[in-house]
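Source file: final25.cif; contents: mmCIF, C-alpha atoms.
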```cif
data_start
#
loop_
_atom_site.group_PDB
_atom_site.id
_atom_site.type_symbol
_atom_site.label_atom_id
_atom_site.label_comp_id
_atom_site.auth_asym_id
_atom_site.auth_seq_id
_atom_site.Cartn_x
_atom_site.Cartn_y
_atom_site.Cartn_z
ATOM 1 C CA MET L 1 211.630 240.252 -6.050
ATOM 2 C CA GLN L 2 213.953 238.830 -8.719
ATOM 3 C CA ARG L 3 215.528 236.557 -6.102
ATOM 4 C CA LEU L 4 212.120 235.224 -5.096
ATOM 5 C CA LEU L 5 211.221 234.557 -8.729
ATOM 6 C CA ASN L 6 214.504 232.746 -9.342
ATOM 7 C CA PHE L 7 213.847 230.715 -6.195
ATOM 8 C CA LEU L 8 210.383 229.741 -7.479
ATOM 9 C CA VAL L 9 211.790 228.852 -10.899
ATOM 10 C CA SER L 10 214.288 226.565 -9.171
ATOM 11 C CA ILE L 11 211.472 224.873 -7.252
ATOM 12 C CA ARG L 12 209.476 224.535 -10.480
ATOM 13 C CA ARG L 13 212.388 222.603 -11.998
ATOM 14 C CA LEU L 14 212.368 219.967 -9.280
ATOM 15 C CA PRO L 15 211.241 216.488 -10.295
ATOM 16 C CA PRO L 16 208.339 215.436 -10.831
ATOM 17 C CA LEU L 17 204.747 215.722 -9.331
ATOM 18 C CA SER L 18 203.385 217.119 -12.595
ATOM 19 C CA GLU L 19 202.281 215.966 -16.043
ATOM 20 C CA LEU L 20 205.852 216.449 -17.173
ATOM 21 C CA SER L 21 208.610 214.168 -16.001
ATOM 22 C CA GLY L 22 211.554 215.788 -14.242
ATOM 23 C CA ASP L 23 213.703 215.429 -17.366
ATOM 24 C CA GLU L 24 211.039 216.970 -19.609
ATOM 25 C CA GLU L 25 210.542 219.850 -17.224
ATOM 26 C CA ARG L 26 214.281 220.421 -17.018
ATOM 27 C CA MET L 27 214.540 220.395 -20.813
ATOM 28 C CA LEU L 28 211.690 222.910 -21.124
ATOM 29 C CA PHE L 29 213.383 225.399 -18.795
ATOM 30 C CA GLU L 30 216.830 224.832 -20.278
ATOM 31 C CA LEU L 31 215.448 225.398 -23.776
ATOM 32 C CA ARG L 32 213.911 228.630 -22.501
ATOM 33 C CA GLU L 33 217.245 229.781 -21.101
ATOM 34 C CA LEU L 34 218.932 228.988 -24.398
ATOM 35 C CA TRP L 35 216.205 230.824 -26.305
ATOM 36 C CA GLU L 36 216.683 233.880 -24.066
ATOM 37 C CA GLN L 37 220.384 233.863 -24.932
ATOM 38 C CA ARG L 38 220.043 233.235 -28.694
ATOM 39 C CA GLY L 39 216.528 234.300 -29.633
ATOM 40 C CA THR L 40 216.070 231.153 -31.713
ATOM 41 C CA LEU L 41 216.121 227.369 -31.198
ATOM 42 C CA THR L 42 216.603 224.335 -33.385
ATOM 43 C CA VAL L 43 216.092 220.637 -32.727
ATOM 44 C CA ALA L 44 219.886 220.261 -32.724
ATOM 45 C CA ASP L 45 220.042 222.599 -29.718
ATOM 46 C CA ALA L 46 217.810 220.210 -27.808
ATOM 47 C CA TYR L 47 220.231 217.368 -28.601
ATOM 48 C CA ASP L 48 223.129 219.364 -27.159
ATOM 49 C CA LEU L 49 221.338 220.192 -23.919
ATOM 50 C CA ALA L 50 221.464 216.905 -22.063
ATOM 51 C CA LYS L 51 225.062 215.955 -21.444
ATOM 52 C CA GLY L 52 225.585 212.192 -21.259
ATOM 53 C CA THR L 53 222.205 211.506 -22.868
ATOM 54 C CA SER L 54 221.765 210.072 -26.332
ATOM 55 C CA SER L 55 220.273 212.141 -29.166
ATOM 56 C CA ILE L 56 217.362 209.693 -29.354
ATOM 57 C CA THR L 57 216.497 210.238 -25.673
ATOM 58 C CA SER L 58 216.724 214.013 -26.100
ATOM 59 C CA TYR L 59 214.528 213.840 -29.190
ATOM 60 C CA ARG L 60 211.965 211.712 -27.318
ATOM 61 C CA ARG L 61 211.838 214.313 -24.546
ATOM 62 C CA LEU L 62 211.373 217.069 -27.102
ATOM 63 C CA VAL L 63 208.569 215.108 -28.773
ATOM 64 C CA ALA L 64 206.964 214.576 -25.339
ATOM 65 C CA LEU L 65 207.002 218.362 -24.817
ATOM 66 C CA LYS L 66 205.409 218.736 -28.258
ATOM 67 C CA ASP L 67 202.738 216.114 -27.457
ATOM 68 C CA LYS L 68 201.962 217.909 -24.199
ATOM 69 C CA GLY L 69 201.395 221.141 -26.118
ATOM 70 C CA LEU L 70 204.387 223.117 -24.867
ATOM 71 C CA VAL L 71 206.542 223.338 -28.009
ATOM 72 C CA ASP L 72 206.013 223.272 -31.779
ATOM 73 C CA ILE L 73 208.561 221.916 -34.260
ATOM 74 C CA THR L 74 208.569 223.409 -37.783
ATOM 75 C CA VAL L 75 210.775 222.885 -40.837
ATOM 76 C CA MET L 76 212.821 225.976 -41.767
ATOM 77 C CA GLU L 77 211.919 227.540 -45.113
ATOM 78 C CA ASP L 78 215.484 228.319 -46.225
ATOM 79 C CA ASP L 79 217.026 224.999 -45.196
ATOM 80 C CA ARG L 80 214.604 222.103 -45.038
ATOM 81 C CA ARG L 81 217.146 219.926 -43.189
ATOM 82 C CA LYS L 82 216.816 222.156 -40.156
ATOM 83 C CA ARG L 83 213.844 222.233 -37.820
ATOM 84 C CA LYS L 84 212.997 225.115 -35.531
ATOM 85 C CA VAL L 85 211.557 224.801 -32.051
ATOM 86 C CA HIS L 86 208.940 227.347 -30.882
ATOM 87 C CA PHE L 87 207.235 227.691 -27.541
ATOM 88 C CA THR L 88 203.455 227.447 -27.735
ATOM 89 C CA ASP L 89 201.103 229.991 -26.166
ATOM 90 C CA THR L 90 200.577 227.556 -23.280
ATOM 91 C CA ALA L 91 204.332 227.494 -22.561
ATOM 92 C CA GLU L 92 204.564 231.285 -22.926
ATOM 93 C CA GLU L 93 201.760 231.711 -20.415
ATOM 94 C CA LEU L 94 203.484 229.281 -18.069
ATOM 95 C CA PHE L 95 206.749 231.242 -18.276
ATOM 96 C CA SER L 96 205.012 234.584 -17.848
ATOM 97 C CA ARG L 97 203.273 233.303 -14.728
ATOM 98 C CA LEU L 98 206.589 232.219 -13.238
ATOM 99 C CA VAL L 99 208.714 235.175 -14.379
ATOM 100 C CA PRO L 100 206.460 238.111 -15.355
ATOM 101 C CA MET W 1 213.065 254.805 2.218
ATOM 102 C CA LYS W 2 211.094 252.589 -0.139
ATOM 103 C CA SER W 3 213.694 249.811 0.043
ATOM 104 C CA ALA W 4 213.739 250.039 3.859
ATOM 105 C CA PHE W 5 209.963 249.678 3.870
ATOM 106 C CA ASN W 6 210.214 246.707 1.466
ATOM 107 C CA LEU W 7 212.822 245.047 3.669
ATOM 108 C CA LEU W 8 210.718 245.623 6.783
ATOM 109 C CA SER W 9 207.625 244.173 5.128
ATOM 110 C CA GLN W 10 209.597 241.143 3.867
ATOM 111 C CA CYS W 11 211.064 240.514 7.333
ATOM 112 C CA SER W 12 207.641 240.945 8.941
ATOM 113 C CA GLY W 13 206.160 238.456 6.469
ATOM 114 C CA LEU W 14 208.918 235.935 7.166
ATOM 115 C CA TRP W 15 208.465 236.453 10.924
ATOM 116 C CA LEU W 16 204.759 235.778 10.628
ATOM 117 C CA VAL W 17 205.166 232.698 8.399
ATOM 118 C CA TYR W 18 207.856 231.301 10.734
ATOM 119 C CA ILE W 19 205.473 231.505 13.700
ATOM 120 C CA ALA W 20 202.581 230.040 11.705
ATOM 121 C CA LEU W 21 204.724 227.135 10.470
ATOM 122 C CA TYR W 22 206.005 226.551 14.005
ATOM 123 C CA HIS W 23 202.457 226.076 15.288
ATOM 124 C CA LEU W 24 201.611 223.875 12.284
ATOM 125 C CA SER W 25 204.678 221.713 12.996
ATOM 126 C CA ASP W 26 203.594 221.396 16.594
ATOM 127 C CA VAL W 27 200.224 220.065 15.457
ATOM 128 C CA VAL W 28 201.729 217.587 12.957
ATOM 129 C CA ALA W 29 204.671 216.396 15.106
ATOM 130 C CA SER W 30 205.501 217.910 18.477
ATOM 131 C CA VAL W 31 208.296 220.484 18.070
ATOM 132 C CA GLN W 32 209.833 219.281 21.329
ATOM 133 C CA GLY W 33 209.170 215.598 20.726
ATOM 134 C CA VAL W 34 212.801 214.425 20.791
ATOM 135 C CA GLU W 35 214.473 214.765 24.201
ATOM 136 C CA GLY W 36 212.188 217.742 24.904
ATOM 137 C CA VAL W 37 214.124 220.032 22.549
ATOM 138 C CA ALA W 38 213.974 218.787 18.958
ATOM 139 C CA SER W 39 211.560 217.601 16.294
ATOM 140 C CA VAL W 40 211.788 215.163 13.400
ATOM 141 C CA PHE W 41 209.544 217.399 11.293
ATOM 142 C CA PHE W 42 210.288 221.107 11.604
ATOM 143 C CA LEU W 43 208.555 223.169 8.909
ATOM 144 C CA PRO W 44 209.889 226.648 9.922
ATOM 145 C CA ALA W 45 213.380 225.501 8.888
ATOM 146 C CA PHE W 46 212.299 226.464 5.369
ATOM 147 C CA ILE W 47 212.078 230.119 6.458
ATOM 148 C CA ARG W 48 215.736 230.071 7.576
ATOM 149 C CA LEU W 49 216.719 229.010 4.059
ATOM 150 C CA LEU W 50 214.287 231.213 2.136
ATOM 151 C CA GLY W 51 214.924 234.172 4.432
ATOM 152 C CA PHE W 52 218.678 234.166 3.930
ATOM 153 C CA LEU W 53 218.236 233.878 0.157
ATOM 154 C CA ILE W 54 215.708 236.734 0.023
ATOM 155 C CA VAL W 55 216.688 239.240 2.736
ATOM 156 C CA GLY W 56 220.263 238.107 3.479
ATOM 157 C CA TYR W 57 221.617 238.724 6.985
ATOM 158 C CA TRP W 58 218.410 240.534 8.019
ATOM 159 C CA ILE W 59 216.938 237.080 8.516
ATOM 160 C CA ILE W 60 219.069 236.726 11.697
ATOM 161 C CA PRO W 61 217.216 239.391 13.773
ATOM 162 C CA THR W 62 213.944 238.247 12.171
ATOM 163 C CA LEU W 63 214.503 234.658 13.297
ATOM 164 C CA PHE W 64 215.619 235.800 16.741
ATOM 165 C CA CYS W 65 212.472 237.920 17.170
ATOM 166 C CA ALA W 66 210.284 235.012 16.013
ATOM 167 C CA SER W 67 211.994 232.512 18.353
ATOM 168 C CA ALA W 68 211.938 235.005 21.245
ATOM 169 C CA TYR W 69 208.244 235.629 20.658
ATOM 170 C CA LEU W 70 207.528 231.866 20.657
ATOM 171 C CA SER W 71 209.515 231.460 23.890
ATOM 172 C CA MET W 72 207.734 234.358 25.590
ATOM 173 C CA ALA W 73 204.375 233.024 24.408
ATOM 174 C CA GLY W 74 205.245 229.655 25.974
ATOM 175 C CA ALA W 75 205.177 227.769 22.673
ATOM 176 C CA TYR W 76 208.844 226.771 23.152
ATOM 177 C CA ASP W 77 209.525 226.040 26.793
ATOM 178 C CA LEU W 78 212.572 224.398 28.337
ATOM 179 C CA GLY W 79 211.597 225.062 31.946
ATOM 180 C CA PRO W 80 211.567 227.973 34.392
ATOM 181 C CA GLY W 81 213.042 231.250 33.125
ATOM 182 C CA LEU W 82 213.600 232.534 29.618
ATOM 183 C CA ALA W 83 217.404 232.530 29.496
ATOM 184 C CA PRO W 84 217.976 229.036 27.978
ATOM 185 C CA GLU W 85 215.295 229.628 25.344
ATOM 186 C CA LEU W 86 216.791 233.003 24.371
ATOM 187 C CA ILE W 87 220.324 231.559 24.186
ATOM 188 C CA ILE W 88 219.072 228.812 21.878
ATOM 189 C CA ALA W 89 217.123 231.415 19.864
ATOM 190 C CA ALA W 90 220.277 233.511 19.457
ATOM 191 C CA PHE W 91 222.499 230.628 18.329
ATOM 192 C CA THR W 92 219.971 228.999 16.015
ATOM 193 C CA SER W 93 219.114 232.363 14.432
ATOM 194 C CA VAL W 94 222.731 232.588 13.313
ATOM 195 C CA GLY W 95 223.491 228.877 12.731
ATOM 196 C CA GLY W 96 221.005 228.144 9.931
ATOM 197 C CA PRO W 97 221.678 231.284 7.842
ATOM 198 C CA PHE W 98 225.432 230.865 8.366
ATOM 199 C CA GLY W 99 225.124 227.282 7.108
ATOM 200 C CA VAL W 100 223.317 228.569 3.999
ATOM 201 C CA PHE W 101 226.058 231.182 3.513
ATOM 202 C CA ILE W 102 228.811 228.540 3.630
ATOM 203 C CA ALA W 103 226.862 226.213 1.325
ATOM 204 C CA SER W 104 226.145 229.047 -1.146
ATOM 205 C CA ARG W 105 229.875 229.816 -1.360
ATOM 206 C CA PHE W 106 230.639 226.147 -1.831
ATOM 207 C CA ALA W 107 227.954 225.854 -4.557
ATOM 208 C CA LYS W 108 229.077 229.124 -6.233
ATOM 209 C CA LEU W 109 225.567 230.559 -6.015
ATOM 210 C CA LYS W 110 225.047 233.951 -7.662
ATOM 211 C CA PRO W 111 223.499 236.689 -5.453
ATOM 212 C CA SER W 112 220.596 236.993 -7.924
ATOM 213 C CA LEU W 113 219.940 233.212 -7.518
ATOM 214 C CA SER W 114 219.835 232.976 -11.325
ATOM 215 C CA ASN W 115 221.933 229.782 -11.184
ATOM 216 C CA LEU W 116 219.919 228.183 -8.376
ATOM 217 C CA THR W 117 219.372 224.628 -9.603
ATOM 218 C CA PRO W 118 217.609 221.828 -7.684
ATOM 219 C CA LEU W 119 221.025 220.350 -6.801
ATOM 220 C CA ARG W 120 222.210 223.697 -5.390
ATOM 221 C CA LEU W 121 218.943 223.988 -3.472
ATOM 222 C CA LEU W 122 219.623 220.583 -1.938
ATOM 223 C CA CYS W 123 223.149 221.702 -1.032
ATOM 224 C CA LEU W 124 221.805 224.876 0.621
ATOM 225 C CA SER W 125 219.172 222.980 2.600
ATOM 226 C CA VAL W 126 221.813 220.559 3.898
ATOM 227 C CA GLY W 127 224.015 223.532 4.862
ATOM 228 C CA CYS W 128 221.091 225.200 6.639
ATOM 229 C CA ALA W 129 220.168 222.071 8.595
ATOM 230 C CA ALA W 130 223.804 221.385 9.539
ATOM 231 C CA GLY W 131 224.327 225.017 10.596
ATOM 232 C CA ASN W 132 221.240 224.876 12.777
ATOM 233 C CA ALA W 133 222.307 221.606 14.422
ATOM 234 C CA ILE W 134 225.746 223.108 15.175
ATOM 235 C CA GLY W 135 224.075 226.287 16.492
ATOM 236 C CA HIS W 136 221.963 224.148 18.816
ATOM 237 C CA TYR W 137 225.026 222.289 20.066
ATOM 238 C CA LEU W 138 226.909 225.546 20.782
ATOM 239 C CA ALA W 139 223.859 226.959 22.562
ATOM 240 C CA TRP W 140 223.697 223.927 24.866
ATOM 241 C CA VAL W 141 227.423 224.256 25.583
ATOM 242 C CA VAL W 142 226.868 227.912 26.581
ATOM 243 C CA ILE W 143 223.893 226.892 28.732
ATOM 244 C CA GLY W 144 226.188 224.417 30.481
ATOM 245 C CA ASP W 145 225.098 221.091 29.044
ATOM 246 C CA HIS W 146 228.270 219.565 27.572
ATOM 247 C CA THR W 147 226.787 216.139 26.885
ATOM 248 C CA PHE W 148 226.660 215.274 23.189
ATOM 249 C CA SER W 149 223.464 213.519 22.194
ATOM 250 C CA ALA W 150 223.691 212.109 18.668
ATOM 251 C CA VAL W 151 219.943 211.423 18.633
ATOM 252 C CA ARG W 152 219.150 215.049 19.492
ATOM 253 C CA TYR W 153 221.410 216.620 16.862
ATOM 254 C CA PHE W 154 220.558 214.098 14.176
ATOM 255 C CA SER W 155 216.859 214.781 14.854
ATOM 256 C CA ILE W 156 217.456 218.522 14.493
ATOM 257 C CA PHE W 157 219.342 217.995 11.212
ATOM 258 C CA PHE W 158 216.867 215.443 9.845
ATOM 259 C CA GLY W 159 213.798 217.372 11.065
ATOM 260 C CA ASP W 160 215.009 220.591 9.449
ATOM 261 C CA LEU W 161 215.764 218.837 6.181
ATOM 262 C CA VAL W 162 212.410 217.042 6.034
ATOM 263 C CA GLY W 163 210.508 220.184 7.057
ATOM 264 C CA THR W 164 212.283 222.320 4.465
ATOM 265 C CA TRP W 165 211.636 219.873 1.645
ATOM 266 C CA ALA W 166 208.015 219.341 2.699
ATOM 267 C CA ILE W 167 207.408 223.063 2.192
ATOM 268 C CA ILE W 168 209.426 223.149 -1.038
ATOM 269 C CA TYR W 169 207.343 220.326 -2.525
ATOM 270 C CA LEU W 170 204.165 221.951 -1.212
ATOM 271 C CA ILE W 171 205.104 225.092 -3.168
ATOM 272 C CA LYS W 172 205.990 223.006 -6.218
ATOM 273 C CA THR W 173 202.628 221.218 -6.059
ATOM 274 C CA ALA W 174 200.851 224.576 -5.744
ATOM 275 C CA LEU W 175 202.755 225.900 -8.788
ATOM 276 C CA THR W 176 201.892 222.753 -10.750
ATOM 277 C CA VAL W 177 198.205 222.873 -9.854
ATOM 278 C CA TYR W 178 198.153 226.611 -10.591
ATOM 279 C CA SER W 179 199.667 226.200 -14.054
ATOM 280 C CA ARG W 180 197.421 223.183 -14.743
ATOM 281 C CA THR W 181 194.358 225.235 -13.831
ATOM 282 C CA PHE W 182 195.136 227.925 -16.339
ATOM 283 C CA ARG W 183 196.136 225.339 -18.995
ATOM 284 C CA SER W 184 192.788 223.522 -18.835
#
```
Just give me the structure as structure tokens.
Amino acid sequence: MQRLLNFLVSIRRLPPLSELSGDEERMLFELRELWEQRGTLTVADAYDLAKGTSSITSYRRLVALKDKGLVDITVMEDDRRKRKVHFTDTAEELFSRLVP
Amino acid sequence: MKSAFNLLSQCSGLWLVYIALYHLSDVVASVQGVEGVASVFFLPAFIRLLGFLIVGYWIIPTLFCASAYLSMAGAYDLGPGLAPELIIAAFTSVGGPFGVFIASRFAKLKPSLSNLTPLRLLCLSVGCAAGNAIGHYLAWVVIGDHTFSAVRYFSIFFGDLVGTWAIIYLIKTALTVYSRTFRS
């Protein structure tokens, strides 16, 4: 069953045919993987994800995910220079549908 | 016992979907449209790829049973007698999955498929199509036809690739529509 789910996740990452562009979709799933490893995400993590892509492009993709209601960006209480990335309920539901 | 039952139900499901996709392919583009043996749009090729990734080598007897059934039912017919059809069924049942196996080693795919990226999926589908085309060629050599037809084998390779990706994007579209439905 796990193999089938991983197969479907791989198909879900293919470009594009959805509201999200292929790059946005890829970023969403890569952020999720990173979150599963670390338990927390910052905007800087999103910059590091796309190799060979500028920080501005990565930030634009992150903002696009925010505009499409999949992530929230909040300023951290203890260090206001840092901003945390959270998945919205919509994104959580999307992930739970793909990998229950 | 439970895992044996699971495996049997998975293989039965794949067998059934293979046959259904075969008939669908025949409606869309004749499965024997190129030189009477190949098609430029072969949807069941997806099952060779998916089957090897899900049930491993058990996909080989599953594919053979599906191809044998289609031959006996007259859906795949090369002429009088069943021998040529069964030889082709035997070779192509091994060729596609073996191609996926080689490609998965080349792409360093984990058994859990946790590192299956779109690029690796592309690599596997190319391996599957190439393996099937080679299997076809070997089958024809065994049957006694030593002539090499580039059009025939390219059609098999191209048809498998197009058919596989048509189903993959059909699944992707279904997943997108499904997630959009619950979002709205």
Given the file above and the PyMOL selection byres ((chain L) within 7 of (chain W)), which residues are selected, and can you give them as a list in words?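 The output of the PyMOL selection byres ((chain L) within 7 of (chain W)) on this file is Gln2, Arg3, Leu4, Asn6, Phe7, Ser10, Ile11, Arg12, Arg13, Leu14, Leu17, Ser18, Thr90 and Leu94 of chain L.
Coordinates place atom CA of W:Leu109 at a distance of 25.7 Å from atom CA of L:Thr53.
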Expansion of the PyMOL selection byres ((chain W and resi 145-152) around 12) into residues, as a PyMOL selection string: chain W and resi 32-40+84+133-134+136-144+153-159
Just say which residues the PyMOL selection byres ((chain L and resi 87) around 7) picks in this file, as a ChimeraX atom specification. /L:70-72,85-86,88-89,91-92
Take the residues from that selection and put them in a file with C-alpha atoms, as a PDB file, keeping the file's coordinate frame.
```
ATOM      1  CA  LEU L  70     204.387 223.117 -24.867  1.00  0.00           C
ATOM      2  CA  VAL L  71     206.542 223.338 -28.009  1.00  0.00           C
ATOM      3  CA  ASP L  72     206.013 223.272 -31.779  1.00  0.00           C
ATOM      4  CA  VAL L  85     211.557 224.801 -32.051  1.00  0.00           C
ATOM      5  CA  HIS L  86     208.940 227.347 -30.882  1.00  0.00           C
ATOM      6  CA  THR L  88     203.455 227.447 -27.735  1.00  0.00           C
ATOM      7  CA  ASP L  89     201.103 229.991 -26.166  1.00  0.00           C
ATOM      8  CA  ALA L  91     204.332 227.494 -22.561  1.00  0.00           C
ATOM      9  CA  GLU L  92     204.564 231.285 -22.926  1.00  0.00           C
TER      10      GLU L  92
END
```
What is the atom CA of W:Leu14-atom CA of W:Val31 distance in Å, reported with one decimal? 18.9 Å
What separation in Å, quoted to one decimal, exists between atom CA of W:Cys11 and atom CA of W:Gly127?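 So the answer is 21.5 Å.
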I want to know what sits within 7 Å of W:Pro97, based on only C-alpha atoms, with residues of the same chain fewer than 5 positions away left out; could you give that as a PDB file with C-alpha atoms, in the coordinates of the input?
```pdb
ATOM      1  CA  ARG W  48     215.736 230.071   7.576  1.00  0.00           C
ATOM      2  CA  LEU W  49     216.719 229.010   4.059  1.00  0.00           C
ATOM      3  CA  PHE W  52     218.678 234.166   3.930  1.00  0.00           C
ATOM      4  CA  CYS W 128     221.091 225.200   6.639  1.00  0.00           C
TER       5      CYS W 128
END
```
Set the distance at 10 Å and use only C-alpha atoms: which residues neighbour stretch 70-83 of chain W once local chain neighbours fewer than 2 positions away are removed? I'd like the list as a short mmCIF file (atom, residue, chain, number, x, y, z; two decimals) with C-alpha atoms, in the coordinates of the input.
```cif
data_model
loop_
_atom_site.label_atom_id
_atom_site.label_comp_id
_atom_site.auth_asym_id
_atom_site.auth_seq_id
_atom_site.Cartn_x
_atom_site.Cartn_y
_atom_site.Cartn_z
CA TYR W 18 207.86 231.30 10.73
CA ILE W 19 205.47 231.50 13.70
CA TYR W 22 206.00 226.55 14.00
CA HIS W 23 202.46 226.08 15.29
CA ASP W 26 203.59 221.40 16.59
CA VAL W 31 208.30 220.48 18.07
CA GLN W 32 209.83 219.28 21.33
CA GLY W 36 212.19 217.74 24.90
CA VAL W 37 214.12 220.03 22.55
CA PHE W 64 215.62 235.80 16.74
CA CYS W 65 212.47 237.92 17.17
CA ALA W 66 210.28 235.01 16.01
CA SER W 67 211.99 232.51 18.35
CA ALA W 68 211.94 235.00 21.24
CA GLU W 85 215.30 229.63 25.34
CA LEU W 86 216.79 233.00 24.37
CA ILE W 87 220.32 231.56 24.19
CA ILE W 88 219.07 228.81 21.88
CA ALA W 89 217.12 231.42 19.86
CA ILE W 143 223.89 226.89 28.73
#
```
Between W:Leu7, W:Val94, W:Leu24, W:Ile59, which is the closest to W:Asn132 once you count all atoms listed in the file? W:Val94
As a count of residues only, please: the residues near L:Thr42 (cut-off 8 Å, all atoms listed in the file, same-chain neighbours under 3 positions excluded). 6
